[in-house]
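Colleague: Supplied structure: model.cif, mmCIF, C-alpha atoms.
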```cif
data_my_file
loop_
_atom_site.label_atom_id
_atom_site.label_comp_id
_atom_site.auth_asym_id
_atom_site.auth_seq_id
_atom_site.Cartn_x
_atom_site.Cartn_y
_atom_site.Cartn_z
CA MET A 293 119.79 115.71 106.19
CA ALA A 294 117.07 113.17 105.44
CA LYS A 295 113.49 113.88 106.46
CA LYS A 296 112.33 112.10 109.56
CA GLU A 297 109.29 110.26 108.25
CA VAL A 298 107.74 106.80 108.34
CA HIS A 299 105.43 106.07 105.38
CA THR A 300 102.69 103.43 105.49
CA VAL A 301 102.16 102.37 101.86
CA LYS A 302 100.33 99.73 99.80
CA THR A 303 102.54 97.05 98.27
CA PRO A 304 101.74 94.09 95.99
CA LYS A 305 101.87 91.77 99.02
CA GLY A 306 99.91 93.97 101.45
CA TRP A 307 101.09 97.03 103.38
CA ALA A 308 104.55 98.19 104.45
CA ASN A 309 106.20 100.85 106.57
CA LYS A 310 109.10 102.54 104.79
CA LEU A 311 111.62 105.30 105.29
CA PRO A 312 111.93 108.05 102.62
CA GLY A 313 115.00 106.35 101.10
CA GLY A 314 112.93 103.23 100.40
CA LYS A 315 114.18 101.04 103.25
CA VAL A 316 111.37 98.75 104.39
CA LEU A 317 110.92 98.70 108.16
CA SER A 318 108.08 96.15 108.29
CA ASN A 319 105.51 94.31 106.14
CA HIS A 320 101.88 93.61 107.09
CA ARG A 321 98.82 91.87 105.65
CA THR A 322 96.35 94.60 106.65
CA LYS A 323 96.43 98.39 106.66
CA ALA A 324 95.33 98.51 110.30
CA THR A 325 98.32 96.50 111.54
CA ALA A 326 100.66 98.50 109.31
CA GLU A 327 99.30 101.78 110.73
CA LYS A 328 99.71 100.58 114.31
CA SER A 329 103.29 99.48 113.67
CA GLY A 330 104.10 102.65 111.73
CA ARG A 331 102.75 104.80 114.55
CA SER A 332 105.01 103.14 117.12
CA GLN A 333 108.01 103.35 114.76
CA ALA A 334 107.37 107.07 114.18
CA LYS A 335 107.04 107.70 117.92
CA ALA A 336 110.31 105.87 118.60
CA ARG A 337 112.08 107.94 115.91
CA LYS A 338 110.29 111.18 116.93
CA ALA A 339 109.23 111.48 113.31
CA GLU A 340 106.19 112.14 111.15
CA HIS A 341 103.92 109.23 110.24
CA VAL A 342 102.52 109.55 106.69
CA ILE A 343 99.66 107.16 105.91
CA HIS A 344 98.93 106.64 102.21
CA ARG A 345 95.68 105.51 100.59
CA VAL A 346 95.46 102.48 98.29
CA ASP A 347 95.94 104.77 95.26
CA GLY A 348 99.18 106.18 96.73
CA SER A 349 97.89 109.62 97.68
CA ILE A 350 98.46 110.88 101.22
CA GLY A 351 95.51 110.18 103.46
CA GLU A 352 96.78 111.30 106.85
CA ASN A 353 99.81 112.89 108.54
CA ASN A 354 100.67 112.60 112.21
CA SER A 355 103.70 114.19 113.82
CA TYR A 356 105.41 112.68 116.85
CA GLY A 357 108.52 114.87 116.81
CA SER A 358 109.23 118.27 118.25
CA ASP A 359 107.09 120.56 116.11
CA PRO A 360 108.06 124.22 115.87
CA ARG A 361 105.70 126.58 117.59
CA ARG A 362 103.35 128.13 115.01
CA SER A 363 101.72 130.89 117.01
CA LYS A 364 103.28 134.17 118.04
CA GLY A 365 103.64 135.14 121.65
#
```
Go ahead and express the file in the form of structure tokens.
Modeller:
Amino acid sequence: MAKKEVHTVKTPKGWANKLPGGKVLSNHRTKATAEKSGRSQAKARKAEHVIHRVDGSIGENNSYGSDPRRSKG
């Protein structure tokens, strides 16, 4: 089963939202518009939104799915 994630990444032409398999969901000129679009795509898929920095490292993670309960009781 593939991970449910939407990645916002830097591309040569700007910023893009991609699925883990590499499928491009959308392209944007600015990071802000890519983040906004990625957030709504992740919410619609009930997935995690992973926002990368310009250097490719992970800058932020936001989960919009059903997270397992972490605390006991």
Colleague: Starting from the shown file, work through the PyMOL selection byres ((chain A and resi 342) around 8) and note down what comes out as a list in words.
Modeller: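 So the PyMOL selection byres ((chain A and resi 342) around 8), applied here, picks out Glu297, Val298, His299, Thr300, Glu340, His341, Ile343, His344, Ile350, Gly351, Glu352, Asn353 and Asn354 of chain A.
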Colleague: May I have the selected residues written with C-alpha atoms, as an mmCIF file, in the coordinates of the input?
Modeller:
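Writing done, so here's part_33.cif:
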```cif
data_model
loop_
_atom_site.group_PDB
_atom_site.id
_atom_site.type_symbol
_atom_site.label_atom_id
_atom_site.label_comp_id
_atom_site.auth_asym_id
_atom_site.auth_seq_id
_atom_site.Cartn_x
_atom_site.Cartn_y
_atom_site.Cartn_z
ATOM 1 C CA GLU A 297 109.290 110.260 108.250
ATOM 2 C CA VAL A 298 107.740 106.800 108.340
ATOM 3 C CA HIS A 299 105.430 106.070 105.380
ATOM 4 C CA THR A 300 102.690 103.430 105.490
ATOM 5 C CA GLU A 340 106.190 112.140 111.150
ATOM 6 C CA HIS A 341 103.920 109.230 110.240
ATOM 7 C CA ILE A 343 99.660 107.160 105.910
ATOM 8 C CA HIS A 344 98.930 106.640 102.210
ATOM 9 C CA ILE A 350 98.460 110.880 101.220
ATOM 10 C CA GLY A 351 95.510 110.180 103.460
ATOM 11 C CA GLU A 352 96.780 111.300 106.850
ATOM 12 C CA ASN A 353 99.810 112.890 108.540
ATOM 13 C CA ASN A 354 100.670 112.600 112.210
#
```
Colleague: For the file shown, what are the residues hit by the PyMOL selection byres ((chain A and resi 334) around 9), laid out as an MDAnalysis selection string?
Modeller: chainID A and resid 296:298 329:333 335:341 354:357
Colleague: Could you write out that same residue set with C-alpha atoms as a short mmCIF file (atom, residue, chain, number, x, y, z; two decimals), in the frame of the given file?
Modeller:
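The resulting again.cif:
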```cif
data_model
loop_
_atom_site.label_atom_id
_atom_site.label_comp_id
_atom_site.auth_asym_id
_atom_site.auth_seq_id
_atom_site.Cartn_x
_atom_site.Cartn_y
_atom_site.Cartn_z
CA LYS A 296 112.33 112.10 109.56
CA GLU A 297 109.29 110.26 108.25
CA VAL A 298 107.74 106.80 108.34
CA SER A 329 103.29 99.48 113.67
CA GLY A 330 104.10 102.65 111.73
CA ARG A 331 102.75 104.80 114.55
CA SER A 332 105.01 103.14 117.12
CA GLN A 333 108.01 103.35 114.76
CA LYS A 335 107.04 107.70 117.92
CA ALA A 336 110.31 105.87 118.60
CA ARG A 337 112.08 107.94 115.91
CA LYS A 338 110.29 111.18 116.93
CA ALA A 339 109.23 111.48 113.31
CA GLU A 340 106.19 112.14 111.15
CA HIS A 341 103.92 109.23 110.24
CA ASN A 354 100.67 112.60 112.21
CA SER A 355 103.70 114.19 113.82
CA TYR A 356 105.41 112.68 116.85
CA GLY A 357 108.52 114.87 116.81
#
```
Colleague: Give me, please, the distance in Å between atom CA of A:Ala326 and atom CA of A:Lys295, quoted to one decimal.
Modeller: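 Between atom CA of A:Ala326 and atom CA of A:Lys295 the gap works out to 20.2 Å.
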Colleague: Quick one, how far is atom CA of A:Gly348 from atom CA of A:Ala324?
Modeller: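 Atom-to-atom, atom CA of A:Gly348 to atom CA of A:Ala324, that is 16.1 Å.
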Colleague: What is the atom CA of A:Glu327 to atom CA of A:Ser349 distance in Å?
Modeller: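 The value is 15.3 Å.
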Colleague: What lies within 7 Å of A:Ala308 using all atoms listed in the file, ignoring chain neighbours under 4 positions off, as a list of chain:residue names?
Modeller: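 Here the answer would be A:Thr300, A:Val301, A:Lys302, A:Thr303, A:Val316, A:Ser318, A:Asn319, A:His320, A:Ala326.
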Colleague: Only N, CA, C and O atoms, as an mmCIF file, in the first residue's frame: that is what I want for stretch 299-314 of chain A.
Modeller:
```cif
data_model
loop_
_atom_site.group_PDB
_atom_site.id
_atom_site.type_symbol
_atom_site.label_atom_id
_atom_site.label_comp_id
_atom_site.auth_asym_id
_atom_site.auth_seq_id
_atom_site.Cartn_x
_atom_site.Cartn_y
_atom_site.Cartn_z
ATOM 1 N N HIS A 299 3.581 15.877 -1.312
ATOM 2 C CA HIS A 299 4.844 16.579 -1.087
ATOM 3 C C HIS A 299 4.862 17.885 -1.876
ATOM 4 O O HIS A 299 4.584 17.887 -3.073
ATOM 5 N N THR A 300 5.211 18.985 -1.210
ATOM 6 C CA THR A 300 5.433 20.266 -1.870
ATOM 7 C C THR A 300 6.939 20.412 -2.019
ATOM 8 O O THR A 300 7.666 20.458 -1.022
ATOM 9 N N VAL A 301 7.418 20.430 -3.281
ATOM 10 C CA VAL A 301 8.859 20.400 -3.561
ATOM 11 C C VAL A 301 9.262 21.481 -4.555
ATOM 12 O O VAL A 301 8.461 21.929 -5.372
ATOM 13 N N LYS A 302 10.526 21.875 -4.493
ATOM 14 C CA LYS A 302 11.112 22.838 -5.439
ATOM 15 C C LYS A 302 11.416 22.113 -6.744
ATOM 16 O O LYS A 302 11.924 20.999 -6.741
ATOM 17 N N THR A 303 11.086 22.755 -7.854
ATOM 18 C CA THR A 303 11.395 22.226 -9.181
ATOM 19 C C THR A 303 12.147 23.303 -9.965
ATOM 20 O O THR A 303 12.176 24.458 -9.548
ATOM 21 N N PRO A 304 12.753 22.965 -11.099
ATOM 22 C CA PRO A 304 13.449 23.979 -11.892
ATOM 23 C C PRO A 304 12.545 25.139 -12.342
ATOM 24 O O PRO A 304 13.013 26.255 -12.531
ATOM 25 N N LYS A 305 11.253 24.881 -12.469
ATOM 26 C CA LYS A 305 10.322 25.911 -12.947
ATOM 27 C C LYS A 305 9.530 26.573 -11.826
ATOM 28 O O LYS A 305 8.642 27.373 -12.107
ATOM 29 N N GLY A 306 9.798 26.216 -10.578
ATOM 30 C CA GLY A 306 9.055 26.804 -9.462
ATOM 31 C C GLY A 306 8.849 25.789 -8.365
ATOM 32 O O GLY A 306 9.796 25.207 -7.860
ATOM 33 N N TRP A 307 7.585 25.552 -8.003
ATOM 34 C CA TRP A 307 7.212 24.616 -6.955
ATOM 35 C C TRP A 307 6.127 23.694 -7.471
ATOM 36 O O TRP A 307 5.329 24.074 -8.317
ATOM 37 N N ALA A 308 6.090 22.456 -6.935
ATOM 38 C CA ALA A 308 5.097 21.482 -7.378
ATOM 39 C C ALA A 308 4.589 20.681 -6.188
ATOM 40 O O ALA A 308 5.274 20.545 -5.174
ATOM 41 N N ASN A 309 3.410 20.140 -6.331
ATOM 42 C CA ASN A 309 2.847 19.188 -5.378
ATOM 43 C C ASN A 309 2.861 17.833 -6.067
ATOM 44 O O ASN A 309 2.361 17.685 -7.185
ATOM 45 N N LYS A 310 3.465 16.853 -5.377
ATOM 46 C CA LYS A 310 3.635 15.519 -5.958
ATOM 47 C C LYS A 310 3.188 14.444 -4.985
ATOM 48 O O LYS A 310 3.208 14.633 -3.778
ATOM 49 N N LEU A 311 2.838 13.292 -5.562
ATOM 50 C CA LEU A 311 2.583 12.094 -4.777
ATOM 51 C C LEU A 311 3.889 11.330 -4.643
ATOM 52 O O LEU A 311 4.835 11.556 -5.413
ATOM 53 N N PRO A 312 4.006 10.389 -3.666
ATOM 54 C CA PRO A 312 5.256 9.661 -3.475
ATOM 55 C C PRO A 312 5.769 8.947 -4.727
ATOM 56 O O PRO A 312 6.972 8.812 -4.910
ATOM 57 N N GLY A 313 4.918 8.498 -5.611
ATOM 58 C CA GLY A 313 5.343 7.816 -6.833
ATOM 59 C C GLY A 313 5.921 8.758 -7.876
ATOM 60 O O GLY A 313 6.444 8.326 -8.898
ATOM 61 N N GLY A 314 5.835 10.064 -7.657
ATOM 62 C CA GLY A 314 6.375 11.041 -8.579
ATOM 63 C C GLY A 314 5.341 11.743 -9.435
ATOM 64 O O GLY A 314 5.667 12.668 -10.176
#
```
